[in-house]
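Asker: What follows is the file structure_11.csv, containing CSV, C-alpha atoms and all ligand atoms:
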chain,number,residue,atom,x,y,z
P,1,MET,CA,-11.0,-8.2,53.8
P,2,ALA,CA,-8.2,-10.6,53.1
P,3,ASP,CA,-5.2,-10.8,55.4
P,4,THR,CA,-2.8,-9.3,52.8
P,5,THR,CA,-4.0,-5.8,53.6
P,6,THR,CA,-5.4,-6.2,57.1
P,7,TYR,CA,-2.2,-5.1,58.9
P,8,GLN,CA,-0.9,-2.6,56.4
P,9,THR,CA,-1.6,1.1,56.8
P,10,LEU,CA,-1.0,4.3,54.8
P,11,SER,CA,1.9,6.5,55.6
P,12,THR,CA,-0.4,9.5,56.1
P,13,ARG,CA,-3.8,10.3,57.8
P,14,HIS,CA,-4.9,12.5,54.9
P,15,LEU,CA,-5.2,12.2,51.2
P,16,LEU,CA,-4.3,15.8,50.2
P,17,GLY,CA,-2.7,14.9,46.9
P,18,ILE,CA,-0.7,12.1,45.1
P,19,LYS,CA,2.4,14.3,45.5
P,20,TYR,CA,2.2,13.7,49.3
P,21,ILE,CA,1.9,9.9,49.3
P,22,THR,CA,4.4,7.1,48.7
P,23,VAL,CA,4.4,4.5,46.0
P,24,GLU,CA,3.7,1.9,48.7
P,25,ASP,CA,0.6,3.9,49.7
P,26,ILE,CA,-0.6,3.9,46.0
P,27,LYS,CA,-0.1,0.1,45.7
P,28,LEU,CA,-1.9,-0.5,49.0
P,29,ILE,CA,-4.9,1.6,47.9
P,30,LEU,CA,-5.0,-0.2,44.5
P,31,ASP,CA,-4.7,-3.7,46.0
P,32,THR,CA,-7.4,-2.8,48.6
P,33,ALA,CA,-9.6,-1.5,45.8
P,34,GLN,CA,-9.3,-4.8,44.0
P,35,GLU,CA,-10.9,-6.5,47.1
P,36,PHE,CA,-13.7,-3.9,47.3
P,37,LYS,CA,-14.4,-4.3,43.6
P,38,GLN,CA,-15.3,-7.9,44.4
P,39,VAL,CA,-17.5,-6.7,47.3
P,40,ILE,CA,-19.5,-4.3,45.1
P,41,ASN,CA,-20.1,-7.0,42.5
P,42,ARG,CA,-21.7,-9.3,45.0
P,43,PRO,CA,-25.5,-9.5,45.5
P,44,ILE,CA,-25.0,-8.0,49.0
P,45,LYS,CA,-22.8,-5.0,48.3
P,46,LYS,CA,-22.6,-3.5,51.8
P,47,VAL,CA,-19.9,-4.3,54.5
P,48,PRO,CA,-19.8,-3.0,58.1
P,49,SER,CA,-16.2,-1.7,57.9
P,50,LEU,CA,-17.0,2.0,58.7
P,51,ARG,CA,-19.9,1.5,61.1
P,52,ASP,CA,-19.9,4.3,63.7
P,53,ILE,CA,-17.7,6.5,61.4
P,54,THR,CA,-19.3,9.8,60.3
P,55,ILE,CA,-18.3,11.4,57.0
P,56,ALA,CA,-19.1,14.9,55.7
P,57,ASN,CA,-18.9,15.5,52.0
P,58,LEU,CA,-18.3,19.2,51.5
P,59,PHE,CA,-18.6,20.4,47.9
P,60,PHE,CA,-17.8,24.0,47.3
P,61,GLU,CA,-17.6,23.3,43.5
P,62,ASN,CA,-19.9,21.4,41.1
P,63,SER,CA,-19.5,17.6,40.8
P,64,THR,CA,-21.5,14.7,39.5
P,65,ARG,CA,-19.2,11.6,39.4
P,66,THR,CA,-16.9,12.4,42.4
P,67,LYS,CA,-19.8,13.4,44.8
P,68,LEU,CA,-22.0,10.4,44.0
P,69,SER,CA,-19.1,8.0,44.0
P,70,PHE,CA,-17.9,9.1,47.4
P,71,GLU,CA,-21.4,9.0,48.9
P,72,LEU,CA,-22.0,5.5,47.5
P,73,ALA,CA,-18.6,4.3,48.7
P,74,GLU,CA,-19.3,5.6,52.2
P,75,LYS,CA,-22.8,3.9,52.2
P,76,ARG,CA,-21.4,0.6,50.9
P,77,LEU,CA,-19.0,0.8,53.9
P,78,SER,CA,-21.9,1.5,56.4
P,79,ALA,CA,-20.6,5.0,57.4
P,80,ASP,CA,-23.0,7.7,58.5
P,81,VAL,CA,-23.0,10.4,55.8
P,82,ILE,CA,-23.9,14.1,55.6
P,83,ASN,CA,-23.7,16.2,52.5
P,84,PHE,CA,-22.9,19.9,52.2
P,85,SER,CA,-23.0,22.0,49.1
P,86,SER,CA,-21.9,25.6,49.1
P,87,SER,CA,-24.8,26.8,46.9
P,88,GLY,CA,-27.7,27.5,49.3
P,89,SER,CA,-25.4,27.5,52.4
P,90,SER,CA,-24.2,30.2,54.7
P,91,VAL,CA,-21.0,30.5,52.7
P,92,LYS,CA,-23.1,32.9,50.6
P,93,LYS,CA,-23.5,35.1,53.7
P,94,GLY,CA,-19.7,35.5,54.0
P,95,GLU,CA,-18.7,32.6,56.4
P,96,THR,CA,-15.0,31.6,56.0
P,97,LEU,CA,-13.9,28.1,55.0
P,98,LEU,CA,-12.5,27.4,58.5
P,99,ASP,CA,-15.6,28.6,60.3
P,100,THR,CA,-17.8,26.5,58.0
P,101,VAL,CA,-15.7,23.4,58.6
P,102,ASN,CA,-15.3,23.9,62.3
P,103,ASN,CA,-19.1,24.3,62.7
P,104,ILE,CA,-19.6,21.0,60.8
P,105,LEU,CA,-16.9,19.3,62.8
P,106,SER,CA,-18.5,20.2,66.1
P,107,MET,CA,-21.2,17.7,65.0
P,108,LYS,CA,-18.6,14.9,65.7
P,109,ILE,CA,-17.3,14.2,62.2
P,110,ASP,CA,-14.5,11.7,61.6
P,111,ILE,CA,-13.6,12.2,57.9
P,112,ILE,CA,-14.1,15.2,55.6
P,113,VAL,CA,-14.2,14.7,51.8
P,114,MET,CA,-13.9,18.2,50.2
P,115,ARG,CA,-13.9,19.7,46.8
P,116,HIS,CA,-12.9,23.4,46.7
P,117,PRO,CA,-12.0,25.8,43.9
P,118,SER,CA,-8.8,27.1,45.7
P,119,PRO,CA,-5.6,25.1,45.2
P,120,GLY,CA,-4.2,24.2,48.6
P,121,ALA,CA,-7.4,24.6,50.5
P,122,HIS,CA,-7.1,21.0,51.9
P,123,VAL,CA,-3.5,21.6,53.0
P,124,LEU,CA,-4.6,24.7,54.9
P,125,LEU,CA,-7.5,22.8,56.5
P,126,SER,CA,-5.3,19.9,57.6
P,127,LYS,CA,-3.2,22.3,59.7
P,128,HIS,CA,-6.2,23.6,61.6
P,129,VAL,CA,-8.7,20.7,62.1
P,130,ASP,CA,-8.5,17.3,63.8
P,131,CYS,CA,-10.0,14.8,61.3
P,132,ASN,CA,-9.0,12.9,58.2
P,133,ILE,CA,-9.2,15.0,55.1
P,134,ILE,CA,-9.7,13.7,51.6
P,135,ASN,CA,-9.2,16.0,48.6
P,136,ALA,CA,-12.0,15.5,46.1
P,137,GLY,CA,-10.4,18.2,43.8
P,138,ASP,CA,-8.8,21.6,44.6
P,139,GLY,CA,-9.0,24.0,41.8
P,140,THR,CA,-6.3,23.4,39.1
P,141,HIS,CA,-4.1,21.6,41.6
P,142,GLU,CA,-4.9,17.9,42.4
P,143,HIS,CA,-7.7,15.3,42.2
P,144,PRO,CA,-6.0,12.3,43.8
P,145,THR,CA,-8.9,9.8,43.8
P,146,GLN,CA,-9.4,10.4,40.1
P,147,ALA,CA,-5.7,9.6,39.5
P,148,LEU,CA,-6.0,6.5,41.6
P,149,LEU,CA,-9.1,5.2,39.8
P,150,ASP,CA,-7.4,6.0,36.5
P,151,ALA,CA,-4.3,4.0,37.5
P,152,TYR,CA,-6.6,1.2,38.7
P,153,SER,CA,-8.6,1.2,35.4
P,154,MET,CA,-5.4,1.2,33.3
P,155,GLN,CA,-3.9,-1.7,35.4
P,156,GLU,CA,-7.1,-3.7,35.0
P,157,LYS,CA,-6.9,-3.2,31.2
P,158,ILE,CA,-3.2,-3.5,30.4
P,159,GLY,CA,-1.6,-5.0,33.6
P,160,ASN,CA,1.4,-3.6,35.6
P,161,LEU,CA,2.0,0.0,34.6
P,162,LYS,CA,5.8,-0.1,34.9
P,163,GLY,CA,7.2,0.9,31.4
P,164,LYS,CA,3.7,1.3,29.9
P,165,LYS,CA,3.3,4.4,27.6
P,166,ILE,CA,0.6,6.8,28.8
P,167,ALA,CA,-0.5,9.9,26.9
P,168,ILE,CA,-2.4,12.7,28.7
P,169,ILE,CA,-4.0,14.8,26.0
P,170,GLY,CA,-5.7,18.2,26.2
P,171,ASP,CA,-5.9,21.1,28.6
P,172,ILE,CA,-3.0,20.3,30.8
P,173,LYS,CA,-2.7,23.8,32.2
P,174,HIS,CA,-6.0,23.9,34.0
P,175,SER,CA,-6.3,20.2,34.8
P,176,ARG,CA,-6.0,18.8,38.4
P,177,VAL,CA,-6.5,15.4,36.8
P,178,ALA,CA,-3.4,15.9,34.7
P,179,LEU,CA,-1.2,16.8,37.7
P,180,SER,CA,-2.4,14.0,39.9
P,181,ASN,CA,-2.1,11.5,37.0
P,182,ILE,CA,1.5,12.6,36.4
P,183,PHE,CA,2.4,12.1,40.0
P,184,CYS,CA,0.7,8.7,40.2
P,185,LEU,CA,1.8,7.2,36.9
P,186,THR,CA,5.5,8.3,37.3
P,187,LYS,CA,5.5,6.9,40.8
P,188,LEU,CA,4.2,3.6,39.4
P,189,GLY,CA,7.0,3.6,36.7
P,190,ALA,CA,4.9,4.4,33.6
P,191,LYS,CA,6.3,6.5,30.8
P,192,VAL,CA,4.1,9.7,30.5
P,193,THR,CA,3.8,12.1,27.6
P,194,VAL,CA,1.6,15.1,27.7
P,195,CYS,CA,0.1,16.6,24.5
P,196,GLY,CA,-1.9,19.7,23.7
P,197,PRO,CA,-1.6,23.1,22.2
P,198,PRO,CA,1.5,25.0,23.5
P,199,THR,CA,-0.7,27.5,25.2
P,200,LEU,CA,-2.3,24.8,27.4
P,201,ILE,CA,0.9,23.1,28.5
P,202,PRO,CA,2.6,24.8,31.5
P,203,PRO,CA,6.4,25.5,31.1
P,204,HIS,CA,9.0,23.3,32.8
P,205,LEU,CA,6.6,20.3,32.9
P,206,GLU,CA,9.5,18.0,32.0
P,207,SER,CA,10.9,18.6,35.5
P,208,LEU,CA,8.1,16.3,36.7
P,209,GLY,CA,9.5,13.4,34.7
P,210,VAL,CA,7.2,13.6,31.7
P,211,SER,CA,7.8,14.3,28.0
P,212,VAL,CA,5.9,17.0,26.0
P,213,GLU,CA,4.7,16.4,22.5
P,214,TYR,CA,2.6,18.9,20.5
P,215,ASN,CA,1.6,16.5,17.6
P,216,ILE,CA,-1.4,14.4,18.6
P,217,ASP,CA,-0.9,11.9,15.8
P,218,LYS,CA,2.6,11.2,17.0
P,219,VAL,CA,1.5,10.7,20.6
P,220,LEU,CA,-1.4,8.4,19.6
P,221,ALA,CA,1.0,6.3,17.6
P,222,TRP,CA,3.4,6.1,20.6
P,223,CYS,CA,1.0,5.3,23.5
P,224,ASP,CA,-0.7,2.3,25.0
P,225,VAL,CA,-3.3,4.5,26.7
P,226,ALA,CA,-4.6,7.9,25.9
P,227,ASN,CA,-6.2,9.8,28.8
P,228,VAL,CA,-8.2,12.6,27.1
P,229,LEU,CA,-9.0,15.7,29.2
P,230,ARG,CA,-11.8,18.3,28.9
P,231,ILE,CA,-11.1,21.8,27.7
P,232,GLN,CA,-11.9,23.8,30.9
P,233,LEU,CA,-13.4,27.0,29.5
P,234,GLU,CA,-14.7,27.9,32.9
P,235,ARG,CA,-11.2,28.3,34.3
P,236,GLN,CA,-9.9,30.3,31.3
P,237,ASN,CA,-10.1,34.0,31.9
P,238,ILE,CA,-8.4,34.6,28.5
P,239,SER,CA,-8.7,32.6,25.3
P,240,TYR,CA,-5.9,30.0,25.0
P,241,ILE,CA,-7.2,28.5,21.7
P,242,PRO,CA,-8.6,30.2,18.6
P,243,SER,CA,-11.9,28.3,18.6
P,244,LEU,CA,-13.3,24.9,19.8
P,245,ARG,CA,-13.7,23.9,16.1
P,246,GLU,CA,-9.9,24.4,15.6
P,247,TYR,CA,-9.1,22.6,18.8
P,248,ALA,CA,-11.2,19.6,17.7
P,249,MET,CA,-9.5,19.6,14.3
P,250,TYR,CA,-5.9,19.7,15.7
P,251,TYR,CA,-6.2,18.0,19.1
P,252,GLY,CA,-9.5,16.1,19.1
P,253,VAL,CA,-9.4,12.3,19.4
P,254,ASN,CA,-11.6,11.0,16.6
P,255,MET,CA,-12.1,7.7,14.8
P,256,GLU,CA,-10.2,8.8,11.7
P,257,ARG,CA,-7.1,9.3,13.9
P,258,LEU,CA,-7.5,5.9,15.6
P,259,ASN,CA,-8.1,4.1,12.3
P,260,LYS,CA,-4.7,5.4,11.1
P,261,LEU,CA,-2.9,3.5,14.0
P,262,ASN,CA,-1.9,-0.1,13.3
P,263,LYS,CA,-2.8,-1.1,16.9
P,264,GLN,CA,-5.6,-0.7,19.5
P,265,ILE,CA,-5.1,1.8,22.2
P,266,VAL,CA,-7.2,2.3,25.4
P,267,ILE,CA,-9.1,5.6,25.5
P,268,MET,CA,-9.9,7.2,28.9
P,269,HIS,CA,-11.6,10.4,30.0
P,270,PRO,CA,-12.3,11.5,33.5
P,271,GLY,CA,-15.6,13.3,32.5
P,272,PRO,CA,-17.5,15.4,32.0
P,273,ILE,CA,-17.0,15.0,28.3
P,274,ASN,CA,-17.3,17.8,25.7
P,275,ARG,CA,-18.5,15.5,22.9
P,276,GLY,CA,-17.2,16.7,19.5
P,277,VAL,CA,-14.5,18.9,21.1
P,278,GLU,CA,-11.7,16.8,22.8
P,279,ILE,CA,-13.3,13.5,21.8
P,280,THR,CA,-15.9,12.4,19.3
P,281,SER,CA,-19.0,10.4,20.3
P,282,ASP,CA,-18.0,7.4,18.2
P,283,VAL,CA,-14.7,7.2,20.1
P,284,ALA,CA,-16.2,7.8,23.6
P,285,ASP,CA,-18.8,5.1,23.0
P,286,SER,CA,-16.5,2.6,21.2
P,287,GLU,CA,-14.8,-0.6,22.2
P,288,HIS,CA,-11.6,1.4,22.7
P,289,SER,CA,-13.2,3.4,25.5
P,290,ILE,CA,-13.1,2.4,29.2
P,291,ILE,CA,-14.8,5.6,30.4
P,292,LEU,CA,-17.7,3.9,32.2
P,293,ASP,CA,-15.3,1.4,33.7
P,294,GLN,CA,-13.4,4.3,35.2
P,295,VAL,CA,-16.7,5.4,36.9
P,296,GLU,CA,-17.4,1.9,38.2
P,297,ASN,CA,-13.9,1.6,39.6
P,298,GLY,CA,-14.1,4.9,41.3
P,299,VAL,CA,-16.5,3.5,43.9
P,300,ALA,CA,-14.1,0.6,44.8
P,301,VAL,CA,-11.1,3.0,44.8
P,302,ARG,CA,-12.8,5.5,47.1
P,303,MET,CA,-14.0,2.6,49.4
P,304,ALA,CA,-10.3,1.6,49.7
P,305,VAL,CA,-9.2,5.2,50.5
P,306,LEU,CA,-11.9,5.7,53.1
P,307,TYR,CA,-11.3,2.3,54.7
P,308,LEU,CA,-7.5,2.8,54.9
P,309,LEU,CA,-7.8,6.3,56.3
P,310,ALA,CA,-10.4,5.4,58.9
P,311,ARG,CA,-8.1,2.6,60.1
P,312,LYS,CA,-5.3,5.2,60.3
P,313,LYS,CA,-7.5,7.3,62.6
P,314,GLN,CA,-8.2,4.3,64.9
P,315,LYS,CA,-4.5,3.5,65.4
P,401,LIG,N1,-14.2,13.4,37.0
P,401,LIG,C1,-14.7,14.3,37.9
P,401,LIG,O1,-14.2,14.8,38.8
P,401,LIG,O2,-16.1,14.5,37.6
P,401,LIG,P1,-17.0,15.4,38.4
P,401,LIG,O3,-16.6,16.9,38.3
P,401,LIG,O4,-18.4,15.2,37.9
P,401,LIG,O5,-16.9,15.0,39.9
What would you get if you wrote out this structure as structure tokens?
Ligand code: CP

Answerer:
Amino acid sequence: MADTTTYQTLSTRHLLGIKYITVEDIKLILDTAQEFKQVINRPIKKVPSLRDITIANLFFENSTRTKLSFELAEKRLSADVINFSSSGSSVKKGETLLDTVNNILSMKIDIIVMRHPSPGAHVLLSKHVDCNIINAGDGTHEHPTQALLDAYSMQEKIGNLKGKKIAIIGDIKHSRVALSNIFCLTKLGAKVTVCGPPTLIPPHLESLGVSVEYNIDKVLAWCDVANVLRIQLERQNISYIPSLREYAMYYGVNMERLNKLNKQIVIMHPGPINRGVEITSDVADSEHSIILDQVENGVAVRMAVLYLLARKKQK
């Protein structure tokens, strides 16, 4: 690692959410990720930075990208890694979260990466266990490493985010990606507008420093970047939209809408994509889209988070 980051540390020993970290923390993580992106594009992608550090990846909820990205980031940093998934575990026999985690910690774990369906599960855990905790998604609350990799990918494409216009489109109500993006982008000085059906936008969102717009064509004409979110049907116990077909018609990002703009905008999506619902395939796979760059950058960003938090532990 270069000297610019060697002596800087994060203000916290956990990454529980973007809400709880400073703008300096965010910038340090993004700068460090820049260096790790160079590392993972070299023929030899592995560095010894986390040798003798043991990391447990605890996934109490499904994941493809985040789980694989953390595991790869840990292995690229030479950490020892164990993986736990609640399906097929003793959680099914009624074991509590704290009992499960304390049993795993007794195997001498240094860092826990956890995804859990309950908002605040990580904050609770941080009060009861002695290791670094990284939130890999807690219900509808926060997904901090997704917001960091989104900010990194935006910066890579359009430069410094101060004053840039970012639209977050879709199911804002059920999205932890939306909330973490709002905290991260506003801390970095971007202008943020959220857009979606009124039923999928929580009240009083403006108090977080964002604007609300219900017309997708207006927001697409305004923005530099559109971060398109998935309709989270699995979190909706009542129907918030008449049908997916109507949602696609009124809020779907499609080529017809993009062709009406007299400018190019950057299209993002955290995945998994509902093709043909919130975004059409021709947009998701087009030159406008940086969806796969987001996934690539996720490894570098997570390497940065793990590296900086492990150093925090050693201090
Ligand atoms: N973006 C994201 O969190 O994807 P996964 O649910 O596959 O991890």

Asker: Please identify the residues whose atoms come within 9 Å of ligand LIG 401 (chain P), using all atoms listed in the file, and report them as a ChimeraX atom specification.

Answerer: /P:61-69,115,136-137,143,145-146,177,269-272,295

Asker: Given the choices P:Ser207, P:Ala190, P:Ser289, P:Cys184, which gets closest to Ala226 in chain P if the distance is worked out from only C-alpha atoms?

Answerer: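 The answer is P:Ser289, which sits nearest to Ala226 in chain P.
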
Asker: Between CA of Ile265 in chain P and CA of Ser286 in chain P, measure the distance and give it in Å to one decimal.

Answerer: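 That distance, rounded to one decimal, is 11.5 Å.
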
Asker: Do you have the CA of Gly189 in chain P-CA of Gly209 in chain P distance handy?

Answerer: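 That distance, rounded to one decimal, is 10.3 Å.
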
Asker: Tell me, in Å to one decimal, how far CA of Asp224 in chain P is from CA of Glu35 in chain P.

Answerer: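 These atoms are spaced 25.9 Å apart.
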
Asker: Can you work out which one of P:Arg42, P:Arg230, P:His14, P:Lys260 has the shortest atom-to-atom distance to Ile168 in chain P, counting all atoms listed in the file?

Answerer: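 Using all atoms listed in the file, Ile168 in chain P sits closest to P:Arg230.
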